[in-house]
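Visitor: What follows is a single structure, and I will ask about it in a moment.
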Amino acid sequence: MEIEKHIGVNQLIGIDKPIPVSEYLGILNEGLREYYASIIGEVGQVSKSSRGHVYFSLKDHKKESVIYCVIWKSNFQMFGIDIVDGMEIVATGYPDIYEPTGRLTFKADTIELVGEGVLKKAYEELKLKLTGEGIFDVAKKRPIPEYPHKIGVITSIHGAVIHDFINNLGRYGFHVKIMDSRVEGQQAVRELLLSMRSFRKEDIDVLVMIRGGGSLESLMPFNNEALVRGVSNYPVPVIAGIGHHLDVPLVSLAADAMESTPTATANLLNKSWDRAEHMVQRYQREIFNTYSHTLSETRFALGQSANSIQVGLNTLINYYKEIEYTLKSNISKVFFTIQIKRRAMGEITRAVARHFRRRVKGAEEHIGRCWFNSLEPCFADHLLNVIRKIDIFDNIIRLNDPVRQLRLGYSITRIGGKVVRSVGDVEIGDLLNIQVADGEIESQVKGKDKNEQKG
Amino acid sequence: MSKKAEKKNLNKNLKRLSDIAEWFENQEEIDVEEGLDKVKEAAELIKISKERLKEIENEFEEIKRTIDQEIGVGEEEDGGSSALS
């Protein structure tokens with residue numbers, strides 16, 4: 001491999017033609033990048049430059065081997081490990097020759113602590129520090145938005161975790177944006193941080209970070225200070241779904257909600273939707289049942305009212321019937337009374353009449369008595385005289401009665417209803433009516449003969 | 001209707017349904033006419049809400065991360081090992 005490299009370089013630059021040092025170092029550094037590796041050793045000679053870059057040496061325990069290392073400020077801060085002399089660490093990076101000094105330096109991208117005890121100590125120290133700053137305060141946590149729709153997910157797309165998450169998401173039309181990221185080893189910190197930064201540009205309702213469980217060492221990226229701080233002040237709420245045993249990852253503590261499995265994380269996102277479904281059912285039941293009950297009650301009340309009205313109406317009708325009856329019976333009584341009164345009146349009238357008649361009769365008798373007693377002596381003769389005269393007149397009238405004359409044989413001759421008194425009243429041929437005592441005779445004038453005047 | 005509006009409405013609808021349910025619960029004597037109006041409104045809200053809550057397939061999209069160089073860019077010029085020399 002190395003021989004091939006030499007051949008390559010020789011071919012590239014040519015051994016016959018010398019090249020400047022800087023050019024040569026440039027070629028070397030380019031080649032050295034190929035030797036990217038993780039190296040383990042004990043830290044020594046730690047110093048920080050004014051710009052914040054950290055220089056240190058890594059020494060092998062068994063052999064007297066040493067390599068000088070540098071980690072740029074940005075990376076150093078990202079890992080948040082305070083390196084001190086004597087500490088054992090793993091640095092990952094590549095070698096590079098610093099041209100001004102010609103010295104080989106290992107440029108570390110990542111540094112991480114080694115050993116359970118050291119990790120645990122670092123974890124506890126950071127936890128204490130961040131707790132002091134209030135990063136894990138419950139009051140600081142934001143609620144997971146109701147009905148989240150756009151979900152940002154940072155996880156490794158390789159493995160069961162993402163599948164568990166997807167399979168357990170309810171079918172509520174979620175729009176899930178997934179960013180593949182390493183979740184183990186110190187390289188994961190960089191990718192996780194970059195993923196979080198990238199999601200800041202995406203329109204999401206909530207950010208989800210998920211991974212399966214593991215040892216404290218494998219979960220160390222989630223105990224990274226920069227990541228924890230990033231989560232604590234992320235623009236949208238963050239759900240950490242990171243499996244763990246004893247020590248809860250600090251990212252989980254800083255997140256707005258934490259779960260320890262991808263299934264539980266998916267269920268948390270489903271929660272408000274599930275509840276909405278449940279609530280709709282419940283409201284439907286409550287509202288309709290209550291109203292049905294009200295309707296039944298109203299119907300019953302209506303029935304009752306109808307009965308009451310019927311009863312009231314009947315009472316009223318009966319009352320009027322009673323009045324009618326009373327009225328009729330009173331009218332009858334009145335009529336009866338009137339009749340009685342009328343009868344009584346009649347009797348009274350009659351009695352009065354009788355009385356008056358009696359009184360009149362009495363008065364007549366009295367007058368008569370008075371008459372005879374007082375007036376008779378004066379008038380009796382005169383009265384007899386009158387009666388006699390009346391008798392005379394009566395005789396005269398009777399003697400001169402035409403009917404008597406007719407019975408004696410006299411008759412009355414009429415023409416046109418007029419009594420014939422003279423021959424001159426009739427003409428020959430005139431029809432005459434002759435009245436006799438027992439009837440009338442029709443006759444015709446055949447001749448007339450006037451008596452001679454003698455005298 | 002946009003999904004955002006839909007979501008907003010779901011929340012609003014549930015709130016309104018909750019108000020209506022509460023109204024029925026708190027009423028000592030329910031006015032039949034007023035109750036009917038509320039039931040009609042509730043029925044409409046339930047219909048709309050159920051429509052939104054029926055099964056809708058989720059969408060999945062893989063998003064690419066911004067390139068690594070964003071972290072630490074412009075800070076390597078000082079990369080000398082002077083402190084160690």
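Every chain in the structure tokens has a letter given in the order shown (A, B, ...), and although residue numbers restart at 1 in each chain, ligands are simply numbered from 1 in the order shown.
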Quick one: contact table of chain B to chain A, 6 Å max, nearest atom pair and distance in Å to one decimal per residue, counting only C-alpha atoms, chain and number order, as JSON lines?
Guide:
```
{"residue": "B:Ala21", "atom": "CA", "partner": "A:Ile287", "partner_atom": "CA", "distance": 5.4}
{"residue": "B:Glu55", "atom": "CA", "partner": "A:Arg171", "partner_atom": "CA", "distance": 5.2}
{"residue": "B:Ile56", "atom": "CA", "partner": "A:Gly173", "partner_atom": "CA", "distance": 4.6}
{"residue": "B:Glu57", "atom": "CA", "partner": "A:Gly173", "partner_atom": "CA", "distance": 5.1}
{"residue": "B:Asn58", "atom": "CA", "partner": "A:Gly173", "partner_atom": "CA", "distance": 4.4}
{"residue": "B:Glu59", "atom": "CA", "partner": "A:His175", "partner_atom": "CA", "distance": 4.8}
{"residue": "B:Phe60", "atom": "CA", "partner": "A:Val176", "partner_atom": "CA", "distance": 4.8}
{"residue": "B:Glu61", "atom": "CA", "partner": "A:Lys177", "partner_atom": "CA", "distance": 4.8}
{"residue": "B:Glu62", "atom": "CA", "partner": "A:Ile178", "partner_atom": "CA", "distance": 4.7}
{"residue": "B:Ile63", "atom": "CA", "partner": "A:Met179", "partner_atom": "CA", "distance": 5.1}
{"residue": "B:Arg65", "atom": "CA", "partner": "A:Ser195", "partner_atom": "CA", "distance": 5.6}
{"residue": "B:Thr66", "atom": "CA", "partner": "A:Ser198", "partner_atom": "CA", "distance": 5.7}
{"residue": "B:Gly72", "atom": "CA", "partner": "A:Ser74", "partner_atom": "CA", "distance": 5.3}
```
Visitor: Now that the selection is made, can you save its residues with C-alpha atoms as a compact mmCIF listing (two decimals), in the first residue's frame?
Guide:
```txt
# COMPACT_ATOMS: atom_id res chain seq x y z
CA ALA B 21 -71.33 19.84 25.65
CA GLU B 55 -57.45 7.74 8.08
CA ILE B 56 -55.05 9.80 6.00
CA GLU B 57 -51.78 8.20 4.93
CA ASN B 58 -48.62 9.81 6.30
CA GLU B 59 -46.02 11.27 3.98
CA PHE B 60 -42.34 10.60 4.48
CA GLU B 61 -39.51 12.60 3.00
CA GLU B 62 -35.79 12.31 3.53
CA ILE B 63 -34.06 15.64 3.98
CA ARG B 65 -28.26 17.69 5.98
CA THR B 66 -26.36 20.90 5.28
CA GLY B 72 -15.49 25.34 11.83
```
Visitor: Excluding Ser218 (chain A) and its own-chain neighbours fewer than 5 positions away, which residues fall within 10 Å of it when counting only C-alpha atoms? Please give them as a CSV table (one decimal) with N, CA and C atoms, in the first residue's frame.
Guide:
```csv
chain,number,residue,atom,x,y,z
A,183,VAL,N,-25.9,8.2,15.2
A,183,VAL,CA,-26.4,8.4,16.6
A,183,VAL,C,-25.4,7.8,17.6
A,184,GLU,N,-24.3,7.3,17.2
A,184,GLU,CA,-23.4,6.7,18.1
A,184,GLU,C,-21.9,7.1,17.8
A,185,GLY,N,-21.1,7.3,18.8
A,185,GLY,CA,-19.8,7.7,18.6
A,185,GLY,C,-19.7,9.2,18.5
A,186,GLN,N,-18.5,9.7,18.7
A,186,GLN,CA,-18.3,11.2,18.8
A,186,GLN,C,-18.6,11.9,17.4
A,213,GLY,N,-31.7,2.1,22.7
A,213,GLY,CA,-31.0,2.2,24.0
A,213,GLY,C,-29.5,1.8,23.8
```
Visitor: From region 18-76 of chain B, collect each residue whose DSSP state is alpha helix (DSSP H) and return the set as a PyMOL selection string.
Guide: chain B and resi 18-26+32-53
Visitor: Please write the residues from the selection above to a file, keeping N, CA and C atoms, as an mmCIF file, in the first residue's frame.
Guide:
```cif
data_model
loop_
_atom_site.group_PDB
_atom_site.id
_atom_site.type_symbol
_atom_site.label_atom_id
_atom_site.label_comp_id
_atom_site.auth_asym_id
_atom_site.auth_seq_id
_atom_site.Cartn_x
_atom_site.Cartn_y
_atom_site.Cartn_z
ATOM 1 N N SER B 18 -66.819 21.290 22.804
ATOM 2 C CA SER B 18 -66.656 21.236 24.256
ATOM 3 C C SER B 18 -67.583 22.259 24.907
ATOM 4 N N ASP B 19 -67.656 23.462 24.300
ATOM 5 C CA ASP B 19 -68.542 24.515 24.825
ATOM 6 C C ASP B 19 -70.002 24.042 24.792
ATOM 7 N N ILE B 20 -70.375 23.427 23.680
ATOM 8 C CA ILE B 20 -71.761 22.978 23.520
ATOM 9 C C ILE B 20 -72.080 21.882 24.543
ATOM 10 N N ALA B 21 -71.133 20.929 24.682
ATOM 11 C CA ALA B 21 -71.332 19.838 25.646
ATOM 12 C C ALA B 21 -71.474 20.419 27.053
ATOM 13 N N GLU B 22 -70.651 21.423 27.318
ATOM 14 C CA GLU B 22 -70.670 22.061 28.639
ATOM 15 C C GLU B 22 -72.002 22.784 28.845
ATOM 16 N N TRP B 23 -72.457 23.413 27.773
ATOM 17 C CA TRP B 23 -73.750 24.129 27.843
ATOM 18 C C TRP B 23 -74.870 23.167 28.248
ATOM 19 N N PHE B 24 -74.858 21.997 27.588
ATOM 20 C CA PHE B 24 -75.893 21.001 27.885
ATOM 21 C C PHE B 24 -75.769 20.511 29.325
ATOM 22 N N GLU B 25 -74.503 20.394 29.749
ATOM 23 C CA GLU B 25 -74.250 19.868 31.085
ATOM 24 C C GLU B 25 -74.707 20.855 32.157
ATOM 25 N N ASN B 26 -74.479 22.147 31.885
ATOM 26 C CA ASN B 26 -74.740 23.164 32.909
ATOM 27 C C ASN B 26 -76.182 23.669 32.928
ATOM 28 N N VAL B 32 -85.799 23.616 24.475
ATOM 29 C CA VAL B 32 -85.810 22.675 23.341
ATOM 30 C C VAL B 32 -85.350 23.352 22.051
ATOM 31 N N GLU B 33 -85.839 24.561 21.798
ATOM 32 C CA GLU B 33 -85.477 25.264 20.555
ATOM 33 C C GLU B 33 -83.992 25.584 20.534
ATOM 34 N N GLU B 34 -83.514 26.153 21.640
ATOM 35 C CA GLU B 34 -82.110 26.525 21.733
ATOM 36 C C GLU B 34 -81.241 25.268 21.661
ATOM 37 N N GLY B 35 -81.694 24.219 22.345
ATOM 38 C CA GLY B 35 -80.987 22.942 22.325
ATOM 39 C C GLY B 35 -80.896 22.392 20.913
ATOM 40 N N LEU B 36 -81.981 22.542 20.165
ATOM 41 C CA LEU B 36 -82.003 22.020 18.791
ATOM 42 C C LEU B 36 -80.977 22.749 17.931
ATOM 43 N N ASP B 37 -80.909 24.077 18.096
ATOM 44 C CA ASP B 37 -79.916 24.855 17.350
ATOM 45 C C ASP B 37 -78.511 24.363 17.661
ATOM 46 N N LYS B 38 -78.272 24.111 18.939
ATOM 47 C CA LYS B 38 -76.933 23.677 19.346
ATOM 48 C C LYS B 38 -76.648 22.272 18.818
ATOM 49 N N VAL B 39 -77.643 21.423 18.860
ATOM 50 C CA VAL B 39 -77.451 20.058 18.358
ATOM 51 C C VAL B 39 -77.132 20.091 16.867
ATOM 52 N N LYS B 40 -77.837 20.977 16.132
ATOM 53 C CA LYS B 40 -77.580 21.095 14.692
ATOM 54 C C LYS B 40 -76.137 21.529 14.450
ATOM 55 N N GLU B 41 -75.716 22.531 15.228
ATOM 56 C CA GLU B 41 -74.354 23.048 15.086
ATOM 57 C C GLU B 41 -73.347 21.935 15.420
ATOM 58 N N ALA B 42 -73.619 21.219 16.518
ATOM 59 C CA ALA B 42 -72.722 20.150 16.955
ATOM 60 C C ALA B 42 -72.621 19.071 15.877
ATOM 61 N N ALA B 43 -73.741 18.734 15.276
ATOM 62 C CA ALA B 43 -73.745 17.677 14.258
ATOM 63 C C ALA B 43 -72.828 18.069 13.097
ATOM 64 N N GLU B 44 -72.897 19.334 12.720
ATOM 65 C CA GLU B 44 -72.055 19.825 11.620
ATOM 66 C C GLU B 44 -70.574 19.763 12.013
ATOM 67 N N LEU B 45 -70.290 20.205 13.253
ATOM 68 C CA LEU B 45 -68.902 20.212 13.733
ATOM 69 C C LEU B 45 -68.363 18.782 13.828
ATOM 70 N N ILE B 46 -69.197 17.868 14.292
ATOM 71 C CA ILE B 46 -68.774 16.466 14.429
ATOM 72 C C ILE B 46 -68.468 15.894 13.053
ATOM 73 N N LYS B 47 -69.330 16.247 12.101
ATOM 74 C CA LYS B 47 -69.136 15.742 10.734
ATOM 75 C C LYS B 47 -67.784 16.224 10.175
ATOM 76 N N ILE B 48 -67.531 17.517 10.332
ATOM 77 C CA ILE B 48 -66.277 18.098 9.816
ATOM 78 C C ILE B 48 -65.068 17.485 10.529
ATOM 79 N N SER B 49 -65.182 17.364 11.867
ATOM 80 C CA SER B 49 -64.060 16.837 12.650
ATOM 81 C C SER B 49 -63.768 15.390 12.270
ATOM 82 N N LYS B 50 -64.835 14.613 12.109
ATOM 83 C CA LYS B 50 -64.635 13.198 11.750
ATOM 84 C C LYS B 50 -63.994 13.086 10.374
ATOM 85 N N GLU B 51 -64.389 14.005 9.517
ATOM 86 C CA GLU B 51 -63.821 14.037 8.161
ATOM 87 C C GLU B 51 -62.302 14.216 8.250
ATOM 88 N N ARG B 52 -61.876 15.133 9.148
ATOM 89 C CA ARG B 52 -60.439 15.393 9.288
ATOM 90 C C ARG B 52 -59.744 14.210 9.988
ATOM 91 N N LEU B 53 -60.470 13.520 10.854
ATOM 92 C CA LEU B 53 -59.836 12.465 11.658
ATOM 93 C C LEU B 53 -59.877 11.088 10.990
#
```
Visitor: Measure the distance from CA of Lys62 (chain A) to CA of Ile40 (chain A) in Å and round it to one decimal.
Guide: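 These two atoms are separated by 12.0 Å.
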Visitor: What gap, in Å, lies between CA of Arg299 (chain A) and CA of Gly312 (chain A)?
Guide: 19.4 Å
Visitor: What does the distance between CA of Lys127 (chain A) and CA of Ser38 (chain A) come to in Å, to one decimal place?
Guide: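 Going from CA of Lys127 (chain A) over to CA of Ser38 (chain A) covers 27.0 Å.
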Visitor: Can you pull out the residues contacting region 120-125 of chain A? Cut-off 10 Å, using only C-alpha atoms, and skip same-chain residues under 4 positions away; I want them as a count of residues only.
Guide: 19
